$ cat coords_19.txt   # compact mmCIF, C-alpha atoms and all ligand atoms
# COMPACT_ATOMS: atom_id res chain seq x y z
CA MET T 1 175.66 132.32 104.14
CA THR T 2 177.14 132.87 100.71
CA LYS T 3 176.90 130.52 97.77
CA LYS T 4 180.45 129.34 98.54
CA ASP T 5 179.11 127.78 101.76
CA PHE T 6 177.15 125.35 99.61
CA ILE T 7 180.22 124.01 97.80
CA PRO T 8 181.08 120.79 99.64
CA GLY T 9 184.56 119.88 100.85
CA ALA T 10 186.09 116.44 100.51
CA SER T 11 184.24 113.50 102.04
CA SER T 12 185.71 110.28 103.38
CA ASN T 13 182.57 108.43 102.24
CA THR T 14 181.55 107.47 98.73
CA LEU T 15 178.11 107.46 97.21
CA GLN T 16 177.38 103.91 96.09
CA LYS T 17 173.91 103.07 94.92
CA GLY T 18 170.47 103.50 96.37
CA THR T 19 167.02 105.02 96.08
CA VAL T 20 165.45 108.10 97.65
CA THR T 21 161.90 109.45 97.44
CA TYR T 22 160.52 112.90 98.34
CA ARG T 23 157.09 114.43 98.11
CA ALA T 24 157.24 118.22 97.75
CA PRO T 25 154.13 120.42 97.69
CA SER T 26 153.39 123.33 95.43
CA ASN T 27 153.01 126.81 96.92
CA ILE T 28 150.93 129.90 96.24
CA ALA T 29 152.56 133.32 96.53
CA LEU T 30 150.84 136.01 98.56
CA VAL T 31 153.56 138.56 97.76
CA LYS T 32 154.64 137.75 94.22
CA TYR T 33 158.09 137.13 92.76
CA TRP T 34 157.99 138.77 89.34
CA GLY T 35 161.29 139.91 87.84
CA LYS T 36 164.75 138.49 88.35
CA LYS T 37 168.45 139.19 87.99
CA PRO T 38 171.03 136.71 86.61
CA ASP T 39 171.59 133.42 88.52
CA GLN T 40 167.98 133.17 89.67
CA VAL T 41 168.30 136.16 92.00
CA PRO T 42 164.83 137.65 92.60
CA ALA T 43 164.24 141.34 91.88
CA ASN T 44 162.07 141.52 95.01
CA PRO T 45 161.34 139.37 98.06
CA SER T 46 158.26 137.14 98.05
CA LEU T 47 156.15 135.16 100.51
CA SER T 48 153.92 132.15 99.99
CA PHE T 49 151.60 129.66 101.61
CA MET T 50 152.89 126.10 101.37
CA LEU T 51 150.19 123.90 99.85
CA ASP T 52 149.41 120.35 100.84
CA ALA T 53 147.39 118.37 98.28
CA CYS T 54 149.12 119.70 95.15
CA ALA T 55 152.48 117.98 95.18
CA THR T 56 155.12 116.18 93.15
CA THR T 57 156.56 112.86 94.28
CA THR T 58 159.97 112.03 92.88
CA THR T 59 162.06 108.90 93.30
CA MET T 60 165.73 109.00 92.31
CA THR T 61 167.64 105.77 91.93
CA TYR T 62 171.37 106.29 91.72
CA GLY T 63 174.27 104.07 90.83
CA ALA T 64 177.56 103.91 88.98
CA LYS T 65 177.71 105.57 85.57
CA ALA T 66 178.71 103.44 82.59
CA GLY T 67 182.48 103.69 82.00
CA GLY T 68 183.68 106.23 79.45
CA GLN T 69 180.38 108.08 79.33
CA THR T 70 180.66 111.86 79.34
CA GLY T 71 177.91 114.33 80.28
CA PHE T 72 175.02 113.78 82.65
CA SER T 73 173.49 110.32 82.59
CA PHE T 74 169.82 109.97 83.52
CA ASP T 75 166.55 108.31 82.57
CA LEU T 76 163.38 110.26 83.15
CA LEU T 77 159.96 108.76 83.74
CA PHE T 78 156.84 110.87 84.21
CA ASN T 79 153.82 108.91 85.47
CA GLY T 80 155.76 105.73 84.71
CA ARG T 81 156.59 106.59 81.10
CA PRO T 82 159.71 108.11 79.51
CA LYS T 83 159.16 111.85 78.97
CA GLU T 84 161.48 113.39 76.37
CA ALA T 85 159.93 116.85 76.75
CA PHE T 86 161.13 117.21 80.37
CA ARG T 87 164.75 116.22 79.68
CA PRO T 88 166.11 119.67 78.67
CA LYS T 89 164.78 121.25 81.89
CA ILE T 90 166.39 118.52 84.01
CA ARG T 91 169.67 118.80 82.10
CA THR T 92 169.75 122.58 82.66
CA PHE T 93 168.98 122.01 86.34
CA LEU T 94 171.84 119.49 86.66
CA GLU T 95 174.23 121.90 84.91
CA ARG T 96 173.31 124.69 87.34
CA VAL T 97 173.53 122.60 90.51
CA ALA T 98 176.63 120.56 89.56
CA PRO T 99 179.13 122.99 91.21
CA TYR T 100 177.29 122.43 94.52
CA VAL T 101 176.58 118.69 94.24
CA PRO T 102 179.53 117.51 92.10
CA PHE T 103 178.57 113.83 92.51
CA VAL T 104 175.94 114.38 89.78
CA HIS T 105 178.80 114.10 87.27
CA ASP T 106 179.75 110.56 88.33
CA HIS T 107 176.42 108.77 88.68
CA HIS T 108 173.60 107.48 86.58
CA PHE T 109 170.13 108.46 87.80
CA THR T 110 166.70 107.09 87.13
CA ILE T 111 164.26 109.87 87.95
CA GLU T 112 160.63 108.82 88.36
CA THR T 113 158.24 111.66 88.95
CA ALA T 114 154.47 112.10 89.26
CA ASN T 115 152.15 114.95 90.21
CA SER T 116 149.10 114.68 92.45
CA PHE T 117 147.29 117.11 90.12
CA PRO T 118 146.59 116.61 86.41
CA HIS T 119 149.52 117.76 84.25
CA SER T 120 147.24 119.74 81.96
CA SER T 121 145.52 121.58 84.82
CA GLY T 122 147.39 124.82 84.22
CA ILE T 123 149.01 124.36 87.66
CA ALA T 124 152.74 124.83 87.35
CA SER T 125 154.64 121.76 88.51
CA SER T 126 158.03 123.47 88.35
CA ALA T 127 157.96 124.56 92.01
CA SER T 128 157.04 121.17 93.48
CA GLY T 129 159.05 119.26 90.85
CA MET T 130 162.31 121.15 91.33
CA ALA T 131 161.89 121.07 95.12
CA ALA T 132 161.44 117.28 95.16
CA LEU T 133 164.45 116.82 92.90
CA ALA T 134 166.63 119.11 95.02
CA LEU T 135 165.64 117.24 98.21
CA CYS T 136 166.53 113.90 96.63
CA LEU T 137 169.97 115.28 95.74
CA MET T 138 170.46 116.55 99.29
CA GLU T 139 169.55 113.15 100.71
CA MET T 140 172.34 111.70 98.55
CA GLU T 141 174.73 114.37 99.76
CA LYS T 142 173.84 113.35 103.30
CA GLU T 143 175.25 109.90 102.52
CA LEU T 144 178.55 111.65 101.92
CA PHE T 145 178.25 113.88 104.99
CA PRO T 146 176.19 111.94 107.57
CA ASP T 147 176.56 114.69 110.21
CA MET T 148 174.78 117.23 108.03
CA GLU T 149 172.24 119.19 110.06
CA ARG T 150 168.59 119.30 109.11
CA ASP T 151 168.56 123.11 108.78
CA PHE T 152 171.52 123.03 106.43
CA LEU T 153 169.91 120.25 104.37
CA PHE T 154 166.72 122.31 103.96
CA ALA T 155 168.56 125.57 103.23
CA LYS T 156 170.74 123.95 100.60
CA ALA T 157 167.77 122.05 99.10
CA SER T 158 165.97 125.39 98.75
CA PHE T 159 169.14 126.92 97.26
CA LEU T 160 169.37 124.11 94.65
CA ALA T 161 165.62 124.19 93.94
CA ARG T 162 165.86 127.95 93.32
CA LEU T 163 168.41 127.33 90.59
CA GLY T 164 165.75 125.18 88.84
CA SER T 165 162.83 127.55 89.41
CA GLY T 166 162.66 130.56 91.71
CA SER T 167 159.34 129.70 93.33
CA ALA T 168 160.64 126.16 94.04
CA SER T 169 162.83 127.68 96.77
CA ARG T 170 159.57 128.16 98.73
CA SER T 171 158.46 124.51 98.46
CA ILE T 172 160.82 122.90 100.99
CA VAL T 173 159.88 123.65 104.60
CA GLY T 174 157.43 125.86 106.50
CA SER T 175 153.79 126.90 106.19
CA LEU T 176 154.53 130.49 105.28
CA VAL T 177 157.80 130.75 103.41
CA HIS T 178 159.80 133.89 102.69
CA TRP T 179 162.39 134.13 99.91
CA GLY T 180 164.52 137.16 99.11
CA GLU T 181 166.39 139.84 101.01
CA HIS T 182 164.09 142.07 103.01
CA LYS T 183 165.17 144.43 105.80
CA GLY T 184 162.27 143.51 108.09
CA THR T 185 162.76 139.73 107.82
CA PRO T 186 165.69 138.40 109.86
CA GLY T 187 167.63 135.65 108.11
CA SER T 188 166.11 136.50 104.72
CA THR T 189 168.33 135.99 101.70
CA ASP T 190 168.12 135.88 97.92
CA LEU T 191 169.84 132.47 98.02
CA TYR T 192 167.08 130.34 99.59
CA GLY T 193 163.68 130.36 101.21
CA ILE T 194 163.15 130.41 104.99
CA PRO T 195 160.14 129.63 107.19
CA TYR T 196 158.49 132.98 108.06
CA PRO T 197 160.31 134.05 111.22
CA HIS T 198 157.63 136.30 112.78
CA GLU T 199 154.58 135.53 114.87
CA VAL T 200 151.60 134.14 112.93
CA HIS T 201 148.01 134.11 114.22
CA PRO T 202 146.52 130.58 114.26
CA VAL T 203 143.82 131.59 111.75
CA PHE T 204 146.49 131.43 109.03
CA THR T 205 147.84 128.00 109.84
CA ARG T 206 144.78 126.16 108.49
CA TYR T 207 143.89 128.49 105.64
CA GLN T 208 142.00 126.94 102.74
CA ASP T 209 142.83 127.32 99.04
CA THR T 210 140.28 126.15 96.47
CA ILE T 211 141.99 126.26 93.09
CA LEU T 212 139.52 126.93 90.29
CA LEU T 213 140.74 125.53 86.99
CA VAL T 214 139.53 128.19 84.60
CA ASP T 215 141.76 127.40 81.67
CA LYS T 216 143.80 124.24 81.40
CA GLY T 217 145.48 125.12 78.12
CA GLN T 218 149.15 125.91 77.53
CA LYS T 219 150.00 129.46 78.63
CA GLN T 220 150.71 132.00 75.86
CA VAL T 221 153.65 133.52 77.73
CA SER T 222 155.86 131.54 80.12
CA SER T 223 156.84 132.84 83.56
CA THR T 224 160.46 132.92 82.40
CA VAL T 225 159.58 135.37 79.62
CA GLY T 226 157.33 137.34 81.98
CA HIS T 227 160.22 137.77 84.45
CA GLU T 228 162.46 139.01 81.63
CA LEU T 229 159.90 141.61 80.62
CA MET T 230 160.31 143.27 84.03
CA GLN T 231 163.76 144.40 82.85
CA GLY T 232 163.30 147.93 81.57
CA HIS T 233 159.61 147.82 82.55
CA PRO T 234 158.37 151.39 83.17
CA TYR T 235 156.83 150.49 86.56
CA ALA T 236 159.40 147.94 87.74
CA GLU T 237 161.02 149.99 90.51
CA ALA T 238 157.69 151.05 91.99
CA ARG T 239 156.52 147.43 91.93
CA PHE T 240 159.65 146.10 93.63
CA GLY T 241 159.27 148.80 96.31
CA GLN T 242 155.63 147.82 96.79
CA ALA T 243 156.59 144.19 97.47
CA HIS T 244 158.93 145.36 100.28
CA ALA T 245 156.21 147.61 101.70
CA HIS T 246 153.65 144.80 101.56
CA LEU T 247 155.99 142.51 103.49
CA ASP T 248 156.44 145.22 106.13
CA ARG T 249 152.67 145.59 106.39
CA LEU T 250 152.06 141.83 106.61
CA ARG T 251 153.99 141.57 109.84
CA SER T 252 151.18 142.97 111.99
CA ILE T 253 148.49 141.45 109.77
CA PHE T 254 149.88 137.98 110.47
CA LYS T 255 150.44 138.68 114.14
CA ASP T 256 146.96 140.05 114.84
CA GLY T 257 145.02 137.94 112.33
CA GLU T 258 143.66 141.05 110.56
CA LEU T 259 141.73 139.31 107.81
CA ASP T 260 140.30 142.40 106.07
CA ASP T 261 143.74 143.89 105.60
CA PHE T 262 145.13 140.49 104.60
CA MET T 263 142.51 140.11 101.84
CA ALA T 264 143.09 143.63 100.51
CA LEU T 265 146.85 143.14 100.35
CA VAL T 266 146.68 139.69 98.73
CA GLU T 267 144.25 140.81 96.04
CA SER T 268 146.31 143.92 95.36
CA GLU T 269 149.38 141.68 94.84
CA ALA T 270 147.49 139.44 92.41
CA LEU T 271 146.13 142.33 90.36
CA THR T 272 149.47 144.14 90.36
CA LEU T 273 151.15 141.01 88.98
CA HIS T 274 148.68 140.92 86.10
CA ALA T 275 148.86 144.71 85.66
CA MET T 276 152.63 144.34 85.18
CA MET T 277 151.94 141.83 82.39
CA MET T 278 149.44 144.17 80.78
CA CYS T 279 151.93 147.01 80.56
CA SER T 280 155.05 145.01 79.62
CA SER T 281 156.50 145.51 76.19
CA PRO T 282 155.21 143.44 74.50
CA TYR T 283 152.07 143.39 76.67
CA PHE T 284 150.02 140.27 77.32
CA ILE T 285 146.96 139.11 79.27
CA LEU T 286 146.78 135.74 81.01
CA MET T 287 143.40 136.21 82.69
CA LYS T 288 140.36 134.88 80.82
CA PRO T 289 136.80 136.27 80.87
CA ASN T 290 135.88 133.62 83.44
CA THR T 291 138.73 134.77 85.70
CA LEU T 292 137.03 138.17 85.91
CA GLN T 293 133.58 136.63 86.34
CA ILE T 294 134.91 134.72 89.35
CA ILE T 295 136.58 137.80 90.84
CA GLU T 296 133.35 139.78 90.56
CA ARG T 297 131.33 136.98 92.17
CA ILE T 298 133.82 136.80 95.06
CA TRP T 299 133.53 140.54 95.64
CA GLU T 300 129.72 140.40 95.54
CA PHE T 301 129.63 137.48 97.98
CA ARG T 302 132.02 139.23 100.33
CA ARG T 303 130.01 142.45 100.23
CA SER T 304 126.72 140.73 100.91
CA THR T 305 127.83 138.21 103.55
CA GLY T 306 130.95 139.63 105.16
CA ALA T 307 132.72 136.31 104.54
CA HIS T 308 136.52 136.44 104.66
CA VAL T 309 137.05 135.10 101.20
CA CYS T 310 139.53 136.56 98.73
CA PHE T 311 141.41 135.50 95.63
CA THR T 312 144.91 135.38 94.31
CA LEU T 313 146.26 134.50 90.88
CA ASP T 314 149.49 132.99 89.68
CA ALA T 315 150.85 133.50 86.18
CA GLY T 316 147.76 132.10 84.49
CA ALA T 317 143.98 132.21 84.34
CA ASN T 318 143.24 129.92 87.31
CA VAL T 319 141.95 131.47 90.52
CA HIS T 320 143.05 130.52 94.03
CA VAL T 321 140.19 131.20 96.44
CA LEU T 322 141.56 131.75 99.94
CA TYR T 323 139.55 131.66 103.20
CA PRO T 324 139.90 130.58 106.84
CA ASP T 325 139.12 127.01 107.79
CA HIS T 326 136.26 127.96 110.15
CA GLU T 327 134.33 129.54 107.25
CA LYS T 328 134.76 126.53 105.01
CA GLU T 329 131.18 125.28 104.99
CA ALA T 330 129.60 128.56 103.85
CA VAL T 331 132.36 129.41 101.38
CA MET T 332 132.35 125.94 99.83
CA SER T 333 128.64 126.06 99.10
CA PHE T 334 129.13 129.49 97.50
CA ILE T 335 132.05 128.15 95.44
CA GLU T 336 130.14 125.10 94.25
CA GLU T 337 127.06 127.06 93.35
CA ALA T 338 128.46 130.33 92.00
CA LEU T 339 132.07 129.75 90.91
CA VAL T 340 132.45 126.16 89.71
CA PRO T 341 130.25 126.87 86.64
CA PHE T 342 133.09 129.14 85.41
CA CYS T 343 135.69 126.33 85.62
CA GLU T 344 136.72 124.28 82.61
CA ASN T 345 134.69 121.06 82.86
CA GLY T 346 133.66 122.15 86.37
CA GLN T 347 137.10 121.21 87.71
CA TYR T 348 138.70 122.51 90.88
CA ILE T 349 141.21 121.30 93.48
CA GLN T 350 140.64 121.56 97.22
CA ASP T 351 143.84 122.39 99.06
CA ASN T 352 144.97 123.98 102.31
CA VAL T 353 148.11 125.28 103.96
CA GLY T 354 150.60 122.47 104.60
CA THR T 355 153.94 122.25 106.33
CA GLY T 356 156.37 121.25 103.60
CA ALA T 357 158.07 118.37 101.87
CA ARG T 358 158.27 114.85 103.26
CA LYS T 359 160.70 112.02 102.68
CA SER T 360 159.00 108.71 101.98
C1 LIG T 401 153.72 134.45 89.21
O1 LIG T 401 159.25 130.45 89.81
O2 LIG T 401 157.85 129.89 87.79
O3 LIG T 401 154.05 132.33 90.24
O4 LIG T 401 162.22 131.22 88.34
O5 LIG T 401 161.62 131.44 85.92
O6 LIG T 401 161.11 129.31 87.16
P1 LIG T 401 161.27 130.82 87.24
O7 LIG T 401 159.83 131.42 87.56
P2 LIG T 401 158.70 130.88 88.52
O8 LIG T 401 157.85 132.23 88.72
C2 LIG T 401 156.74 132.26 89.55
C3 LIG T 401 155.96 133.48 89.32
C4 LIG T 401 154.66 133.59 90.05
C5 LIG T 401 154.80 134.30 91.39
C6 LIG T 401 155.40 133.53 92.52
O9 LIG T 401 155.26 132.29 92.60
O10 LIG T 401 156.01 134.19 93.39

$ encode --input "coords_19.txt" --output "structure tokens"
Amino acid sequence: MTKKDFIPGASSNTLQKGTVTYRAPSNIALVKYWGKKPDQVPANPSLSFMLDACATTTTMTYGAKAGGQTGFSFDLLFNGRPKEAFRPKIRTFLERVAPYVPFVHDHHFTIETANSFPHSSGIASSASGMAALALCLMEMEKELFPDMERDFLFAKASFLARLGSGSASRSIVGSLVHWGEHKGTPGSTDLYGIPYPHEVHPVFTRYQDTILLVDKGQKQVSSTVGHELMQGHPYAEARFGQAHAHLDRLRSIFKDGELDDFMALVESEALTLHAMMMCSSPYFILMKPNTLQIIERIWEFRRSTGAHVCFTLDAGANVHVLYPDHEKEAVMSFIEEALVPFCENGQYIQDNVGTGARKS
């Protein structure tokens, strides 16, 4: 596939008016995307768990645009109320996707969106939000091309979502989702995410993720700026190579269910991501003292009990605690007793690996 394959031909149908709703989950990267080239092309391939409880639900109502109006025409409601602050992001998204879904020029849209998690939780909603939006657009395109195949719809939705936010490409379909060209992953491409094509041990299909909300404040440095700082970064090439090597290594880890090696690799990815931030120019730190307290407690607990519990981090202070479903009881009592005291207002979100977005 090339990006030209996503430019539609002429259709004998027209898009009239209607409503479409999608619920798209968030995802947590195991191998991190950090650094990009122009046009939302990732500097290295990445792999994530699809989440389940953390999701964005978006309804798009579409109809004829008022005559004589130029530019994109849309109303935006977040949790039922107009949200000015989100409009520029949506406008940029529409500009980027317009060559591939040209009908966005001719229609008025009412976009109603809501997250299952609190907006100020420090959990990024760009992945789930852009994925839900992209899926709604693809459902409209299906009106124009009713024979469109499901695989194409998902691939193009991921392609469009990527143009909004890179990690959104991994919030469409699959439990483990791979995005970015990688020699050892058949079908992998920088253009869109694909369900992990190799064998996966059942222990990973019901993995748990308890998200500890350590700091709910606005981040000091956005992911977009962080990605830019990988350009000319002294360790960039070594890091990109490491991501490829980690994906090679994960193949047997996933196949055989090797949890010790899985935990070591996932934690190394998380700490490398934050190490890259700490030696960018300018440098910055997104972890908070409580992030480190939690990490130390996890290590202590693992040493003393042998539990298969590990952590990962996204571009913020919150900690994702990952463990297999069959160890849930013991790990949850440890989390509640030893880790929740380090969360802001004792808040955390219980999530697990899901299967992808759903139309409703
Ligand atoms: C640390 O997808 O938020 O979560 O493409 O600029 O929108 P943009 O960046 P974004 O970056 C995510 C970075 C990360 C790692 C990951 O999800 O792979």

$ residues_near_ligand --input "coords_19.txt" --ligand "ligand LIG 401 (chain T)" --cutoff "8 Å" --atoms "all atoms listed in the file" --output "MDAnalysis selection string"
chainID T and resid 27:34 36 40 46:48 124 126:127 162:168 223:225 227 273 313:316

$ residues_around --input "coords_19.txt" --residues "range 342-352 of chain T" --least-positions-apart "6" --cutoff "12 Å" --atoms "only C-alpha atoms" --output "PDB file with C-alpha atoms, keeping the file's coordinate frame"
ATOM      1  CA  PRO T  25     154.130 120.420  97.690  1.00  0.00           C
ATOM      2  CA  SER T  26     153.390 123.330  95.430  1.00  0.00           C
ATOM      3  CA  ASN T  27     153.010 126.810  96.920  1.00  0.00           C
ATOM      4  CA  ILE T  28     150.930 129.900  96.240  1.00  0.00           C
ATOM      5  CA  PHE T  49     151.600 129.660 101.610  1.00  0.00           C
ATOM      6  CA  MET T  50     152.890 126.100 101.370  1.00  0.00           C
ATOM      7  CA  LEU T  51     150.190 123.900  99.850  1.00  0.00           C
ATOM      8  CA  ASP T  52     149.410 120.350 100.840  1.00  0.00           C
ATOM      9  CA  ALA T  53     147.390 118.370  98.280  1.00  0.00           C
ATOM     10  CA  CYS T  54     149.120 119.700  95.150  1.00  0.00           C
ATOM     11  CA  ALA T  55     152.480 117.980  95.180  1.00  0.00           C
ATOM     12  CA  SER T 116     149.100 114.680  92.450  1.00  0.00           C
ATOM     13  CA  PHE T 117     147.290 117.110  90.120  1.00  0.00           C
ATOM     14  CA  PRO T 118     146.590 116.610  86.410  1.00  0.00           C
ATOM     15  CA  SER T 120     147.240 119.740  81.960  1.00  0.00           C
ATOM     16  CA  SER T 121     145.520 121.580  84.820  1.00  0.00           C
ATOM     17  CA  GLY T 122     147.390 124.820  84.220  1.00  0.00           C
ATOM     18  CA  ILE T 123     149.010 124.360  87.660  1.00  0.00           C
ATOM     19  CA  SER T 175     153.790 126.900 106.190  1.00  0.00           C
ATOM     20  CA  LEU T 176     154.530 130.490 105.280  1.00  0.00           C
ATOM     21  CA  PHE T 204     146.490 131.430 109.030  1.00  0.00           C
ATOM     22  CA  THR T 205     147.840 128.000 109.840  1.00  0.00           C
ATOM     23  CA  ARG T 206     144.780 126.160 108.490  1.00  0.00           C
ATOM     24  CA  TYR T 207     143.890 128.490 105.640  1.00  0.00           C
ATOM     25  CA  GLN T 208     142.000 126.940 102.740  1.00  0.00           C
ATOM     26  CA  ASP T 209     142.830 127.320  99.040  1.00  0.00           C
ATOM     27  CA  THR T 210     140.280 126.150  96.470  1.00  0.00           C
ATOM     28  CA  ILE T 211     141.990 126.260  93.090  1.00  0.00           C
ATOM     29  CA  LEU T 212     139.520 126.930  90.290  1.00  0.00           C
ATOM     30  CA  LEU T 213     140.740 125.530  86.990  1.00  0.00           C
ATOM     31  CA  VAL T 214     139.530 128.190  84.600  1.00  0.00           C
ATOM     32  CA  ASP T 215     141.760 127.400  81.670  1.00  0.00           C
ATOM     33  CA  LYS T 216     143.800 124.240  81.400  1.00  0.00           C
ATOM     34  CA  GLY T 217     145.480 125.120  78.120  1.00  0.00           C
ATOM     35  CA  LYS T 288     140.360 134.880  80.820  1.00  0.00           C
ATOM     36  CA  PRO T 289     136.800 136.270  80.870  1.00  0.00           C
ATOM     37  CA  ASN T 290     135.880 133.620  83.440  1.00  0.00           C
ATOM     38  CA  THR T 291     138.730 134.770  85.700  1.00  0.00           C
ATOM     39  CA  LEU T 292     137.030 138.170  85.910  1.00  0.00           C
ATOM     40  CA  GLN T 293     133.580 136.630  86.340  1.00  0.00           C
ATOM     41  CA  ILE T 294     134.910 134.720  89.350  1.00  0.00           C
ATOM     42  CA  ILE T 295     136.580 137.800  90.840  1.00  0.00           C
ATOM     43  CA  GLU T 296     133.350 139.780  90.560  1.00  0.00           C
ATOM     44  CA  ARG T 297     131.330 136.980  92.170  1.00  0.00           C
ATOM     45  CA  ALA T 317     143.980 132.210  84.340  1.00  0.00           C
ATOM     46  CA  ASN T 318     143.240 129.920  87.310  1.00  0.00           C
ATOM     47  CA  VAL T 319     141.950 131.470  90.520  1.00  0.00           C
ATOM     48  CA  HIS T 320     143.050 130.520  94.030  1.00  0.00           C
ATOM     49  CA  VAL T 321     140.190 131.200  96.440  1.00  0.00           C
ATOM     50  CA  LEU T 322     141.560 131.750  99.940  1.00  0.00           C
ATOM     51  CA  TYR T 323     139.550 131.660 103.200  1.00  0.00           C
ATOM     52  CA  PRO T 324     139.900 130.580 106.840  1.00  0.00           C
ATOM     53  CA  ASP T 325     139.120 127.010 107.790  1.00  0.00           C
ATOM     54  CA  LYS T 328     134.760 126.530 105.010  1.00  0.00           C
ATOM     55  CA  MET T 332     132.350 125.940  99.830  1.00  0.00           C
ATOM     56  CA  ILE T 335     132.050 128.150  95.440  1.00  0.00           C
ATOM     57  CA  GLU T 336     130.140 125.100  94.250  1.00  0.00           C
TER      58      GLU T 336
END

$ closest_atom_pairs --input "coords_19.txt" --of "range 281-354 of chain T" --to "range 238-261 of chain T" --cutoff "10 Å" --atoms "all atoms listed in the file" --output "Markdown table"
| residue | atom | partner | partner_atom | distance |
| --- | --- | --- | --- | --- |
| T:Gly306 | CA | T:Asp260 | CA | 9.8 |
| T:Ala307 | CA | T:Asp260 | CA | 9.8 |
| T:His308 | CA | T:Leu259 | CA | 6.7 |
| T:Val309 | CA | T:Leu259 | CA | 9.1 |
| T:Cys310 | CA | T:Asp260 | CA | 9.4 |
| T:Tyr323 | CA | T:Leu259 | CA | 9.2 |
| T:Pro324 | CA | T:Leu259 | CA | 9.0 |

$ atom_distance --input "coords_19.txt" --atom1 "CA of Thr14 in chain T" --atom2 "CA of Leu191 in chain T"
27.6 Å

$ axis_aligned_box --input "coords_19.txt" --around "range 85-92 of chain T" --padding-each-side "3 Å" --output "JSON"
{"center_x": 164.8, "center_y": 119.4, "center_z": 80.4, "size_x": 15.8, "size_y": 12.4, "size_z": 13.3}

$ atom_distance --input "coords_19.txt" --atom1 "CA of Gly129 in chain T" --atom2 "CA of Ala24 in chain T"
7.2 Å

$ residues_around --input "coords_19.txt" --residues "Ser12 in chain T" --least-positions-apart "4" --cutoff "12 Å" --atoms "only C-alpha atoms" --output "ChimeraX atom specification"
/T:143-146

$ write_last_selection --input "coords_19.txt" --atoms "C-alpha atoms" --output "JSON list (two decimals), in the coordinates of the input"
[["chain", "number", "residue", "atom", "x", "y", "z"],
["T", 143, "GLU", "CA", 175.25, 109.90, 102.52],
["T", 144, "LEU", "CA", 178.55, 111.65, 101.92],
["T", 145, "PHE", "CA", 178.25, 113.88, 104.99],
["T", 146, "PRO", "CA", 176.19, 111.94, 107.57]]

$ closest_residue --input "coords_19.txt" --among "T:Thr21, T:Phe72, T:Val353, T:Pro82" --to "Glu139 in chain T" --atoms "all atoms listed in the file"
T:Thr21

$ closest_residue --input "coords_19.txt" --among "T:Asn44, T:Ser281, T:Thr61, T:Thr355" --to "Leu15 in chain T" --atoms "all atoms listed in the file"
T:Thr61

$ residues_around --input "coords_19.txt" --residues "Arg91 in chain T" --least-positions-apart "6" --cutoff "12 Å" --atoms "all atoms listed in the file" --output "list in words"
Gly71, Phe72, Ser73, Phe74, Asp75, Leu76, Glu84, Ala85, Val97, Ala98, Val104, His105, Phe109, Ile111 and Gly164 of chain T

$ closest_residue --input "coords_19.txt" --among "T:Leu135, T:Met278, T:Pro102, T:Ser171" --to "Gly354 in chain T" --atoms "only C-alpha atoms"
T:Ser171

$ atom_distance --input "coords_19.txt" --atom1 "CA of Thr312 in chain T" --atom2 "CA of Phe334 in chain T"
17.1 Å

$ residues_around --input "coords_19.txt" --residues "Asp5 in chain T" --least-positions-apart "4" --cutoff "12 Å" --atoms "all atoms listed in the file" --output "PyMOL selection string"
chain T and resi 1+9+99-100+152+155-156+159+191

$ closest_residue --input "coords_19.txt" --among "T:Ser128, T:Gly35, T:Lys142, T:Phe311" --to "Met276 in chain T" --atoms "all atoms listed in the file"
T:Gly35

$ closest_residue --input "coords_19.txt" --among "T:Met140, T:Thr113, T:Asp147, T:Gly232" --to "Cys279 in chain T" --atoms "all atoms listed in the file"
T:Gly232
